[in-house]
Amino acid sequence: MDLNQINTYLPLIAAPSYVVVLVVLLSRRLPRGNQTRWFLLFLAVSLIWELILFFTQNNIFIPVVLLGTLFIGKTTEAYSGRVIPRHWFIIGLIITTLLILATLTLTLLPTNTSSPLLLDITKILSASTWLFSVFLMLKTLWQAYQTVRLPLHANRLLHWAVFLTLTLLGEVLLLNNQPLSALIGQIIRFLGVLGLTRAISSHRLFDVQTRFRHILAFTIIALTAAIPATLVLLLTIWITNQLALEQLSTYGALLIVIALGFLLYQPFRQIIERIIYRFLLGEEFQTSKVVRSYSQAISRTLDVEQLTLVIIGTISELMETNRGALLLVSQVDNMLEIEPIPAMGRIPRRTMRFPTNSLFIEKLASERSWLLQYDLDFSPDHATLPGEEQTWLHELGIEVYVPVHTGTELSGIIALGPKSSGLAYRSNELELVQILADQTVIALQNARLYSELNHQNEQIRLLNANLRKQNERLGIMDKVKSDFITIASHELRTPLTQVKGYADILAAMNEESSLTREQTREIVGHINRASNRLEGLISAMLDVSQLEASGMQLSFVQTRLDTIIRLAVEPIATAVRERRLKLALPDLRDFPPIYADFKRLVQAFNNLIGNAIKYTPDLGSITITASILPSANQGPEYVEIVVGDTGIGIDPRYHDLIFEKFFRIGNPELHSSGTTKFKGAGPGLGLHIAKGVIEAHSGRIWVESEGEDEVRLSGSRFHVILPINPPAIKHKVNDLQQGK
Ligand code: ADP
């Protein structure tokens, strides 16, 4: 049987082979995506083409090949996960249809009427469309290859590229019309298609790069190992030529050369092998030595972060990776929480919760063996991993997860990024990492206990600090309590003594009948002021007791902020003038009306402004500012009023305490008397009442001050935030607005 005959019947073998491939592919549980559908179409076209080839024995039906190329192009697009602009496929399809029609017409026409020129044009158009499609496919694959980060993902594309090239090469050879090339073409194309079928039907593919390096290593070793043999041969020839054969010494020399050759061959080959393998495939490691030094290193570490560095550091030195983390696994509310502790590379620390039956967890927990990100991405078993879990895993950029089990539980995962060589992990390497992971269990357990202990220690330290603070506060409050008697008696006695004193004077002068009208008015004035102060004090005390008993009772009305501030400032206007203070008021005309207890707010602001006057030396300034704070939906919701002064300021230690009742900074005895004098005494109730009023409006009050300093006078700023419609009456306002 000559080549031509073989070529005639070859399609008859090829066609059923494609049918077998088709059937096998259809009978398998196929992976996701469009790739399978397009590939089946490609196989169908290949089958048709083989039949045409058999029946016509002519390659005129090249456009059918083109159709197959378009389909394999679509398969490549789906397989690589990249997008080739749709219009190229449509244009290709139109050209192919036209070419098929043209070829059909030319074939059916009687030979004498068919134009060879038209035939040539069809061929040229077919060839250029084919070339362009091939270019697009390879370009897409190259782009996809450049974007993948993990070696096994890259290998998948490489595998596809190799077999796609083989298939296309086969097509070129087949169409060459030479018997030998057609024969080789058929075989190569079929091998290519088999490789592509494997890639479509399974995600377990051989490692192209490693396989290639093995072949290269074998070739180099075989060629270099031939050097000693060649030398022996050359020497033998030389010796035979130089010396007469009869001489005994000649045989001796030959024997020595051959023996030397044999002796040297083996070590020479071993050296070459070692060098080539180390260079092309990386160094082999001695497991027992690695395990011993690893165990020693991790047993010395008690801190989880440190342990992670040791684990990943040791492994990365062996495997040459520059990305890795330890994922700590802990049970939280029936879920497994995974917290990455990065050691190398930029790995996000975001924790993630997985259900205990998550495929990712189950695989690691039940199979107790490593898991590849590649398997998670391409194995049909993992297609159901939820999107959030998938994204989290992708963000880690890890290639292999190796479980660390404590008893039956998964307590950690050693996560390794791709090797810097770009090669995938070999199974013996992964086995070693698994052994190391098993060695890690105790160290990890200890480190976790230790960090738990540390955490608790820290917690206790914080609690202690808090306790100390509370103690300090209690101490101060205790002092406040004992000061209360001093303050109350002093504050009550001062006006009372005045009333009594003036009343006595009045009585004595009256006895002597020496009282003028003028004197009477003056003395009564003094008595009035003292009793007013007494009244104020008692009413403040009553307010505090009301606050304590039932909270502040408010009656809300619609009111304006400018009126409140104006009325709060009015009683102290004289003091401002006398003390030559500068008082700046805000322009509140554009402010919306607020719902509030008008009288109480006036009282609260009066207390704040009164304090500003009391604790600011003469010639200082008091500034009141206001702003509207928008709510989440942009409408005005709160107003903020700030009462600032250039006074003595308040030590941050007392920023909370000054709002407690009867609390006053410093020695109560040292305060001067008088409600508006610099550092004038007060009962320590003003801020407590102000806070009660503001909070009853669902507002907030706090102070900002760098600290007490009578020289620098950095001052204080009291912030008050008030809702425009306090929640207490909000529903009423809504009802009003809706006309209910
Ligand atoms: P008092 O009646 O003593 O003013 P408050 O409750 O109004 O009582 O204030 C409590 C303490 O807070 C005051 O004794 C004072 O030490 C401090 N304080 C209040 N406002 C100011 C301010 N603007 N600047 C400095 N210290 C202030």
# chains A, B, ... in the order shown; residues from 1 in each chain; ligands from 1
$ closest_atom_pairs --of "chain A" --to "ligand 1" --cutoff "9 Å" --atoms "only C-alpha atoms and all ligand atoms" --output "Markdown table"
| residue | atom | partner | partner_atom_place_in_ligand_line | distance |
| --- | --- | --- | --- | --- |
| A:Asn607 | CA | ligand 1 | 7 (O) | 6.2 |
| A:Leu608 | CA | ligand 1 | 20 (N) | 6.7 |
| A:Ile609 | CA | ligand 1 | 23 (N) | 7.6 |
| A:Gly610 | CA | ligand 1 | 4 (O) | 7.8 |
| A:Asn611 | CA | ligand 1 | 20 (N) | 4.5 |
| A:Ala612 | CA | ligand 1 | 23 (N) | 3.9 |
| A:Ile613 | CA | ligand 1 | 23 (N) | 7.2 |
| A:Lys614 | CA | ligand 1 | 23 (N) | 7.2 |
| A:Tyr615 | CA | ligand 1 | 24 (N) | 4.6 |
| A:Thr616 | CA | ligand 1 | 24 (N) | 6.9 |
| A:Val643 | CA | ligand 1 | 23 (N) | 8.3 |
| A:Gly644 | CA | ligand 1 | 23 (N) | 7.5 |
| A:Asp645 | CA | ligand 1 | 23 (N) | 6.4 |
| A:Thr646 | CA | ligand 1 | 24 (N) | 8.4 |
| A:Gly647 | CA | ligand 1 | 24 (N) | 5.7 |
| A:Ile648 | CA | ligand 1 | 25 (C) | 5.5 |
| A:Gly649 | CA | ligand 1 | 25 (C) | 4.6 |
| A:Ile650 | CA | ligand 1 | 25 (C) | 5.2 |
| A:Asp651 | CA | ligand 1 | 26 (N) | 8.7 |
| A:Tyr654 | CA | ligand 1 | 12 (O) | 8.1 |
| A:His655 | CA | ligand 1 | 12 (O) | 8.4 |
| A:Leu657 | CA | ligand 1 | 12 (O) | 8.2 |
| A:Ile658 | CA | ligand 1 | 12 (O) | 4.7 |
| A:Phe659 | CA | ligand 1 | 6 (O) | 6.0 |
| A:Glu660 | CA | ligand 1 | 6 (O) | 7.2 |
| A:Lys661 | CA | ligand 1 | 6 (O) | 6.7 |
| A:Phe662 | CA | ligand 1 | 6 (O) | 6.8 |
| A:Phe663 | CA | ligand 1 | 10 (C) | 5.6 |
| A:Arg664 | CA | ligand 1 | 14 (O) | 3.5 |
| A:Ile665 | CA | ligand 1 | 16 (O) | 4.0 |
| A:Gly666 | CA | ligand 1 | 16 (O) | 6.9 |
| A:Pro668 | CA | ligand 1 | 14 (O) | 8.5 |
| A:His671 | CA | ligand 1 | 14 (O) | 8.9 |
| A:Thr675 | CA | ligand 1 | 2 (O) | 8.3 |
| A:Lys679 | CA | ligand 1 | 15 (C) | 8.0 |
| A:Gly680 | CA | ligand 1 | 4 (O) | 7.8 |
| A:Ala681 | CA | ligand 1 | 3 (O) | 5.7 |
| A:Gly682 | CA | ligand 1 | 2 (O) | 3.3 |
| A:Pro683 | CA | ligand 1 | 2 (O) | 4.5 |
| A:Gly684 | CA | ligand 1 | 8 (O) | 3.1 |
| A:Leu685 | CA | ligand 1 | 6 (O) | 4.3 |
| A:Gly686 | CA | ligand 1 | 7 (O) | 3.6 |
| A:Leu687 | CA | ligand 1 | 6 (O) | 3.7 |
| A:His688 | CA | ligand 1 | 6 (O) | 5.5 |
| A:Ile689 | CA | ligand 1 | 6 (O) | 7.7 |
| A:Ala690 | CA | ligand 1 | 6 (O) | 8.3 |
| A:Val703 | CA | ligand 1 | 20 (N) | 8.9 |
| A:Ser705 | CA | ligand 1 | 24 (N) | 8.7 |
| A:Glu708 | CA | ligand 1 | 25 (C) | 7.5 |
| A:Gly715 | CA | ligand 1 | 24 (N) | 6.5 |
| A:Ser716 | CA | ligand 1 | 23 (N) | 5.6 |
| A:Arg717 | CA | ligand 1 | 23 (N) | 7.3 |
| A:Phe718 | CA | ligand 1 | 23 (N) | 7.5 |
$ write_last_selection --atoms "C-alpha atoms" --output "mmCIF file, in the first residue's frame"
data_model
loop_
_atom_site.group_PDB
_atom_site.id
_atom_site.type_symbol
_atom_site.label_atom_id
_atom_site.label_comp_id
_atom_site.auth_asym_id
_atom_site.auth_seq_id
_atom_site.Cartn_x
_atom_site.Cartn_y
_atom_site.Cartn_z
ATOM 1 C CA ASN A 607 -25.764 79.065 82.732
ATOM 2 C CA LEU A 608 -23.271 78.459 79.909
ATOM 3 C CA ILE A 609 -22.818 82.134 79.031
ATOM 4 C CA GLY A 610 -22.745 83.027 82.731
ATOM 5 C CA ASN A 611 -19.880 80.552 83.246
ATOM 6 C CA ALA A 612 -18.046 81.969 80.229
ATOM 7 C CA ILE A 613 -18.223 85.390 81.866
ATOM 8 C CA LYS A 614 -17.193 84.030 85.273
ATOM 9 C CA TYR A 615 -14.145 82.174 84.021
ATOM 10 C CA THR A 616 -12.876 84.780 81.556
ATOM 11 C CA VAL A 643 -20.224 78.995 73.484
ATOM 12 C CA GLY A 644 -16.515 79.794 73.370
ATOM 13 C CA ASP A 645 -14.472 81.984 75.674
ATOM 14 C CA THR A 646 -10.915 83.135 76.145
ATOM 15 C CA GLY A 647 -10.965 82.179 79.797
ATOM 16 C CA ILE A 648 -8.854 80.022 82.058
ATOM 17 C CA GLY A 649 -9.832 76.764 80.360
ATOM 18 C CA ILE A 650 -10.598 73.372 81.897
ATOM 19 C CA ASP A 651 -8.234 70.502 82.591
ATOM 20 C CA TYR A 654 -12.537 67.323 84.507
ATOM 21 C CA HIS A 655 -14.318 67.498 81.144
ATOM 22 C CA LEU A 657 -16.903 65.751 85.961
ATOM 23 C CA ILE A 658 -17.904 69.413 85.616
ATOM 24 C CA PHE A 659 -21.354 68.223 84.565
ATOM 25 C CA GLU A 660 -21.816 66.431 87.886
ATOM 26 C CA LYS A 661 -23.853 68.237 90.512
ATOM 27 C CA PHE A 662 -21.947 70.305 93.083
ATOM 28 C CA PHE A 663 -18.684 69.715 91.245
ATOM 29 C CA ARG A 664 -16.363 72.693 91.079
ATOM 30 C CA ILE A 665 -12.756 72.755 90.084
ATOM 31 C CA GLY A 666 -10.364 73.842 92.789
ATOM 32 C CA PRO A 668 -14.370 76.019 97.084
ATOM 33 C CA HIS A 671 -13.717 81.180 95.054
ATOM 34 C CA THR A 675 -22.264 85.588 90.167
ATOM 35 C CA LYS A 679 -13.869 83.179 89.120
ATOM 36 C CA GLY A 680 -16.989 84.048 91.081
ATOM 37 C CA ALA A 681 -18.291 81.255 93.263
ATOM 38 C CA GLY A 682 -21.260 79.149 92.348
ATOM 39 C CA PRO A 683 -22.860 76.089 93.858
ATOM 40 C CA GLY A 684 -21.640 73.820 91.048
ATOM 41 C CA LEU A 685 -25.149 73.214 89.692
ATOM 42 C CA GLY A 686 -25.246 75.308 86.511
ATOM 43 C CA LEU A 687 -23.702 72.768 84.119
ATOM 44 C CA HIS A 688 -25.540 69.858 85.703
ATOM 45 C CA ILE A 689 -28.859 71.584 85.055
ATOM 46 C CA ALA A 690 -27.795 72.645 81.548
ATOM 47 C CA VAL A 703 -16.726 70.715 76.398
ATOM 48 C CA SER A 705 -10.524 72.767 76.174
ATOM 49 C CA GLU A 708 -6.503 75.114 82.581
ATOM 50 C CA GLY A 715 -10.302 79.126 76.891
ATOM 51 C CA SER A 716 -13.096 76.573 76.625
ATOM 52 C CA ARG A 717 -15.704 75.750 74.016
ATOM 53 C CA PHE A 718 -19.023 74.327 75.146
#
$ select_by_dssp --residues "stretch 652-721 of chain A" --states "strand (DSSP E or B)" --output "list of chain:residue names"
A:Ser672, A:Gly680, A:Arg700, A:Ile701, A:Trp702, A:Val703, A:Glu704, A:Arg717, A:Phe718, A:His719, A:Val720, A:Ile721
$ write_last_selection --atoms "all heavy atoms" --output "CSV table (one decimal), in the first residue's frame"
chain,number,residue,atom,x,y,z
A,672,SER,N,-14.2,83.5,94.7
A,672,SER,CA,-14.7,84.8,95.2
A,672,SER,C,-16.2,84.7,95.1
A,672,SER,O,-16.8,83.8,94.5
A,672,SER,CB,-14.2,85.9,94.3
A,672,SER,OG,-14.8,85.7,93.0
A,680,GLY,N,-16.0,83.9,90.0
A,680,GLY,CA,-17.0,84.0,91.1
A,680,GLY,C,-17.5,82.7,91.5
A,680,GLY,O,-17.6,81.8,90.7
A,700,ARG,N,-27.1,66.9,72.9
A,700,ARG,CA,-25.9,66.5,73.5
A,700,ARG,C,-25.1,67.8,74.0
A,700,ARG,O,-25.2,68.8,73.3
A,700,ARG,CB,-25.0,65.7,72.6
A,700,ARG,CG,-24.8,64.3,73.0
A,700,ARG,CD,-24.4,63.4,71.9
A,700,ARG,NE,-23.3,63.9,71.0
A,700,ARG,CZ,-22.0,63.9,71.4
A,700,ARG,NH1,-21.6,63.5,72.6
A,700,ARG,NH2,-21.1,64.3,70.5
A,701,ILE,N,-24.3,67.7,75.0
A,701,ILE,CA,-23.5,68.8,75.4
A,701,ILE,C,-22.1,68.2,75.9
A,701,ILE,O,-22.1,67.2,76.5
A,701,ILE,CB,-24.2,69.6,76.6
A,701,ILE,CG1,-23.2,70.7,77.0
A,701,ILE,CG2,-24.5,68.7,77.8
A,701,ILE,CD1,-23.9,71.8,77.9
A,702,TRP,N,-21.1,68.9,75.4
A,702,TRP,CA,-19.7,68.5,75.9
A,702,TRP,C,-18.8,69.7,75.8
A,702,TRP,O,-19.2,70.8,75.2
A,702,TRP,CB,-19.2,67.4,75.1
A,702,TRP,CG,-18.8,67.7,73.6
A,702,TRP,CD1,-17.5,68.0,73.2
A,702,TRP,CD2,-19.6,67.8,72.5
A,702,TRP,NE1,-17.5,68.2,71.9
A,702,TRP,CE2,-18.8,68.1,71.4
A,702,TRP,CE3,-21.0,67.6,72.3
A,702,TRP,CZ2,-19.3,68.3,70.1
A,702,TRP,CZ3,-21.5,67.8,71.0
A,702,TRP,CH2,-20.6,68.1,69.9
A,703,VAL,N,-17.6,69.6,76.4
A,703,VAL,CA,-16.7,70.7,76.4
A,703,VAL,C,-15.4,70.3,75.7
A,703,VAL,O,-15.0,69.2,75.7
A,703,VAL,CB,-16.5,71.2,77.8
A,703,VAL,CG1,-15.7,70.2,78.7
A,703,VAL,CG2,-15.7,72.5,77.8
A,704,GLU,N,-14.8,71.3,75.1
A,704,GLU,CA,-13.5,71.1,74.5
A,704,GLU,C,-12.6,72.2,75.1
A,704,GLU,O,-13.0,73.4,75.1
A,704,GLU,CB,-13.5,71.3,73.0
A,704,GLU,CG,-13.9,70.1,72.2
A,704,GLU,CD,-14.1,70.5,70.7
A,704,GLU,OE1,-13.8,71.6,70.3
A,704,GLU,OE2,-14.5,69.6,70.0
A,717,ARG,N,-14.6,75.7,75.0
A,717,ARG,CA,-15.7,75.7,74.0
A,717,ARG,C,-16.8,74.7,74.4
A,717,ARG,O,-16.5,73.5,74.4
A,717,ARG,CB,-15.2,75.4,72.6
A,717,ARG,CG,-14.3,76.5,72.0
A,717,ARG,CD,-13.5,76.0,70.9
A,717,ARG,NE,-14.3,75.6,69.7
A,717,ARG,CZ,-14.9,76.4,68.9
A,717,ARG,NH1,-14.7,77.7,69.0
A,717,ARG,NH2,-15.7,76.0,67.9
A,718,PHE,N,-17.9,75.2,74.8
A,718,PHE,CA,-19.0,74.3,75.1
A,718,PHE,C,-19.9,74.1,73.9
A,718,PHE,O,-20.4,75.1,73.3
A,718,PHE,CB,-19.9,74.9,76.3
A,718,PHE,CG,-19.2,74.7,77.6
A,718,PHE,CD1,-18.2,75.6,78.1
A,718,PHE,CD2,-19.5,73.6,78.4
A,718,PHE,CE1,-17.6,75.4,79.3
A,718,PHE,CE2,-18.9,73.4,79.7
A,718,PHE,CZ,-17.9,74.3,80.1
A,719,HIS,N,-20.0,72.8,73.5
A,719,HIS,CA,-20.8,72.5,72.3
A,719,HIS,C,-22.2,72.0,72.8
A,719,HIS,O,-22.2,71.1,73.7
A,719,HIS,CB,-20.1,71.4,71.5
A,719,HIS,CG,-18.9,71.8,70.9
A,719,HIS,ND1,-18.7,72.0,69.5
A,719,HIS,CD2,-17.7,72.1,71.4
A,719,HIS,CE1,-17.5,72.3,69.2
A,719,HIS,NE2,-16.8,72.4,70.3
A,720,VAL,N,-23.2,72.5,72.1
A,720,VAL,CA,-24.6,72.0,72.4
A,720,VAL,C,-25.2,71.6,71.0
A,720,VAL,O,-25.2,72.4,70.1
A,720,VAL,CB,-25.4,73.1,73.0
A,720,VAL,CG1,-26.9,72.6,73.2
A,720,VAL,CG2,-24.9,73.5,74.4
A,721,ILE,N,-25.7,70.4,71.0
A,721,ILE,CA,-26.4,70.0,69.7
A,721,ILE,C,-27.8,69.7,70.1
A,721,ILE,O,-28.1,69.0,71.1
A,721,ILE,CB,-25.7,68.7,69.1
A,721,ILE,CG1,-24.4,69.1,68.5
A,721,ILE,CG2,-26.6,68.1,68.1
A,721,ILE,CD1,-23.7,68.0,67.7
$ atom_distance --atom1 "atom CA of A:Val45" --atom2 "atom CA of A:Phe135"
20.6 Å
$ select_by_dssp --residues "stretch 63-187 of chain A" --states "alpha helix (DSSP H)" --output "PyMOL selection string"
chain A and resi 63-80+86-108+116-147+151-174+179-187
$ residues_around --residues "A:Leu158" --least-positions-apart "4" --cutoff "8 Å" --atoms "only C-alpha atoms" --output "number ranges by chain"
A: 145, 154, 162, 208
$ residues_around --residues "A:Ile628" --least-positions-apart "2" --cutoff "12 Å" --atoms "only C-alpha atoms" --output "JSON, numbers by chain"
{"A": [561, 588, 590, 591, 592, 593, 594, 625, 626, 630, 631, 634, 635, 636, 637, 638, 639, 640, 641, 642, 720, 721, 722, 723, 724]}
$ residues_around --residues "A:Ser46" --least-positions-apart "6" --cutoff "12 Å" --atoms "only C-alpha atoms" --output "ChimeraX atom specification"
/A:11,14-19,21-22,39-40,52-53,61-72,167,171,186,189-190,193
$ residues_around --residues "stretch 118-131 of chain A" --least-positions-apart "4" --cutoff "12 Å" --atoms "only C-alpha atoms" --output "PyMOL selection string"
chain A and resi 59-73+88-89+91-107+109+111+113-114+135-138+168-169+171-172+175
$ write_last_selection --atoms "N, CA and C atoms" --output "compact mmCIF listing (two decimals), in the first residue's frame"
# COMPACT_ATOMS: atom_id res chain seq x y z
N ASN A 59 -8.99 18.60 -1.75
CA ASN A 59 -9.00 19.57 -0.65
C ASN A 59 -9.76 20.84 -0.98
N ILE A 60 -10.63 20.76 -2.00
CA ILE A 60 -11.29 22.00 -2.41
C ILE A 60 -12.20 22.55 -1.33
N PHE A 61 -12.56 21.70 -0.38
CA PHE A 61 -13.51 22.20 0.63
C PHE A 61 -12.83 22.87 1.82
N ILE A 62 -11.83 23.66 1.48
CA ILE A 62 -11.09 24.37 2.54
C ILE A 62 -12.00 25.23 3.42
N PRO A 63 -13.03 25.91 2.88
CA PRO A 63 -13.89 26.74 3.74
C PRO A 63 -14.50 25.98 4.91
N VAL A 64 -14.67 24.67 4.76
CA VAL A 64 -15.22 23.90 5.88
C VAL A 64 -14.21 23.90 7.03
N VAL A 65 -12.92 23.79 6.65
CA VAL A 65 -11.87 23.86 7.67
C VAL A 65 -11.99 25.20 8.40
N LEU A 66 -12.25 26.23 7.59
CA LEU A 66 -12.37 27.58 8.12
C LEU A 66 -13.49 27.66 9.17
N LEU A 67 -14.60 26.97 8.85
CA LEU A 67 -15.73 26.97 9.79
C LEU A 67 -15.29 26.35 11.11
N GLY A 68 -14.54 25.24 10.99
CA GLY A 68 -14.01 24.59 12.20
C GLY A 68 -13.12 25.55 12.97
N THR A 69 -12.29 26.32 12.23
CA THR A 69 -11.38 27.26 12.89
C THR A 69 -12.16 28.32 13.65
N LEU A 70 -13.29 28.78 13.03
CA LEU A 70 -14.11 29.78 13.73
C LEU A 70 -14.65 29.21 15.04
N PHE A 71 -15.07 27.93 14.98
CA PHE A 71 -15.62 27.31 16.19
C PHE A 71 -14.54 27.10 17.25
N ILE A 72 -13.35 26.70 16.79
CA ILE A 72 -12.29 26.48 17.79
C ILE A 72 -11.86 27.84 18.36
N GLY A 73 -12.03 28.88 17.53
CA GLY A 73 -11.75 30.24 18.02
C GLY A 73 -12.70 30.60 19.15
N TRP A 88 -16.04 40.10 14.95
CA TRP A 88 -15.08 39.28 14.18
C TRP A 88 -15.68 37.93 13.85
N PHE A 89 -16.40 37.36 14.80
CA PHE A 89 -17.00 36.05 14.57
C PHE A 89 -18.07 36.15 13.48
N ILE A 91 -18.33 38.43 11.08
CA ILE A 91 -17.69 38.65 9.77
C ILE A 91 -17.13 37.33 9.25
N GLY A 92 -16.44 36.60 10.14
CA GLY A 92 -15.84 35.32 9.76
C GLY A 92 -16.90 34.36 9.26
N LEU A 93 -18.05 34.35 9.96
CA LEU A 93 -19.12 33.44 9.59
C LEU A 93 -19.68 33.80 8.20
N ILE A 94 -19.84 35.10 7.94
CA ILE A 94 -20.38 35.54 6.63
C ILE A 94 -19.41 35.14 5.52
N ILE A 95 -18.12 35.45 5.74
CA ILE A 95 -17.11 35.12 4.71
C ILE A 95 -17.12 33.61 4.46
N THR A 96 -17.14 32.84 5.56
CA THR A 96 -17.10 31.37 5.42
C THR A 96 -18.32 30.88 4.65
N THR A 97 -19.49 31.40 4.98
CA THR A 97 -20.71 30.96 4.26
C THR A 97 -20.57 31.28 2.77
N LEU A 98 -20.10 32.50 2.49
CA LEU A 98 -19.94 32.88 1.08
C LEU A 98 -18.95 31.96 0.38
N LEU A 99 -17.86 31.67 1.07
CA LEU A 99 -16.83 30.81 0.47
C LEU A 99 -17.36 29.41 0.23
N ILE A 100 -18.15 28.91 1.21
CA ILE A 100 -18.72 27.56 1.03
C ILE A 100 -19.64 27.55 -0.18
N LEU A 101 -20.47 28.58 -0.28
CA LEU A 101 -21.40 28.67 -1.44
C LEU A 101 -20.62 28.75 -2.74
N ALA A 102 -19.58 29.59 -2.76
CA ALA A 102 -18.78 29.77 -3.97
C ALA A 102 -18.13 28.45 -4.36
N THR A 103 -17.56 27.75 -3.37
CA THR A 103 -16.88 26.49 -3.66
C THR A 103 -17.88 25.45 -4.17
N LEU A 104 -19.05 25.44 -3.53
CA LEU A 104 -20.09 24.51 -3.97
C LEU A 104 -20.44 24.75 -5.43
N THR A 105 -20.65 26.01 -5.77
CA THR A 105 -21.02 26.36 -7.14
C THR A 105 -19.92 25.94 -8.11
N LEU A 106 -18.68 26.25 -7.71
CA LEU A 106 -17.57 25.92 -8.60
C LEU A 106 -17.43 24.42 -8.78
N THR A 107 -17.71 23.68 -7.72
CA THR A 107 -17.58 22.22 -7.79
C THR A 107 -18.68 21.63 -8.68
N LEU A 109 -20.32 23.14 -11.08
CA LEU A 109 -20.28 23.59 -12.48
C LEU A 109 -19.45 22.62 -13.32
N THR A 111 -16.53 21.42 -15.57
CA THR A 111 -15.14 21.85 -15.41
C THR A 111 -14.77 22.97 -16.37
N THR A 113 -16.55 25.36 -17.54
CA THR A 113 -17.10 26.71 -17.28
C THR A 113 -16.55 27.32 -15.99
N SER A 114 -15.98 26.46 -15.13
CA SER A 114 -15.50 27.03 -13.86
C SER A 114 -14.22 27.83 -14.09
N PHE A 135 -4.50 34.28 14.25
CA PHE A 135 -3.83 35.40 14.93
C PHE A 135 -4.66 35.86 16.14
N LEU A 136 -5.98 36.00 15.90
CA LEU A 136 -6.86 36.45 16.99
C LEU A 136 -6.84 35.49 18.17
N MET A 137 -6.86 34.19 17.83
CA MET A 137 -6.88 33.16 18.89
C MET A 137 -5.61 33.22 19.71
N LEU A 138 -4.46 33.26 19.02
CA LEU A 138 -3.19 33.23 19.75
C LEU A 138 -3.02 34.51 20.56
N LEU A 168 -3.64 23.22 14.51
CA LEU A 168 -3.56 24.14 13.37
C LEU A 168 -2.43 23.73 12.42
N LEU A 169 -1.32 23.28 13.02
CA LEU A 169 -0.19 22.83 12.21
C LEU A 169 -0.61 21.64 11.36
N GLU A 171 -3.55 21.01 10.32
CA GLU A 171 -4.42 21.49 9.23
C GLU A 171 -3.58 22.00 8.07
N VAL A 172 -2.53 22.76 8.40
CA VAL A 172 -1.67 23.32 7.34
C VAL A 172 -1.04 22.19 6.55
N LEU A 175 -3.49 20.36 4.29
CA LEU A 175 -3.96 21.07 3.10
C LEU A 175 -2.85 21.24 2.07
$ atom_distance --atom1 "atom CA of A:Asn454" --atom2 "atom CA of A:Gly407"
24.2 Å
$ residues_around --residues "A:Leu280" --least-positions-apart "3" --cutoff "10 Å" --atoms "only C-alpha atoms" --output "number ranges by chain"
A: 210, 212-214, 216-217, 274-277, 283
$ atom_distance --atom1 "atom CA of A:Ile187" --atom2 "atom CA of A:Phe163"
12.7 Å
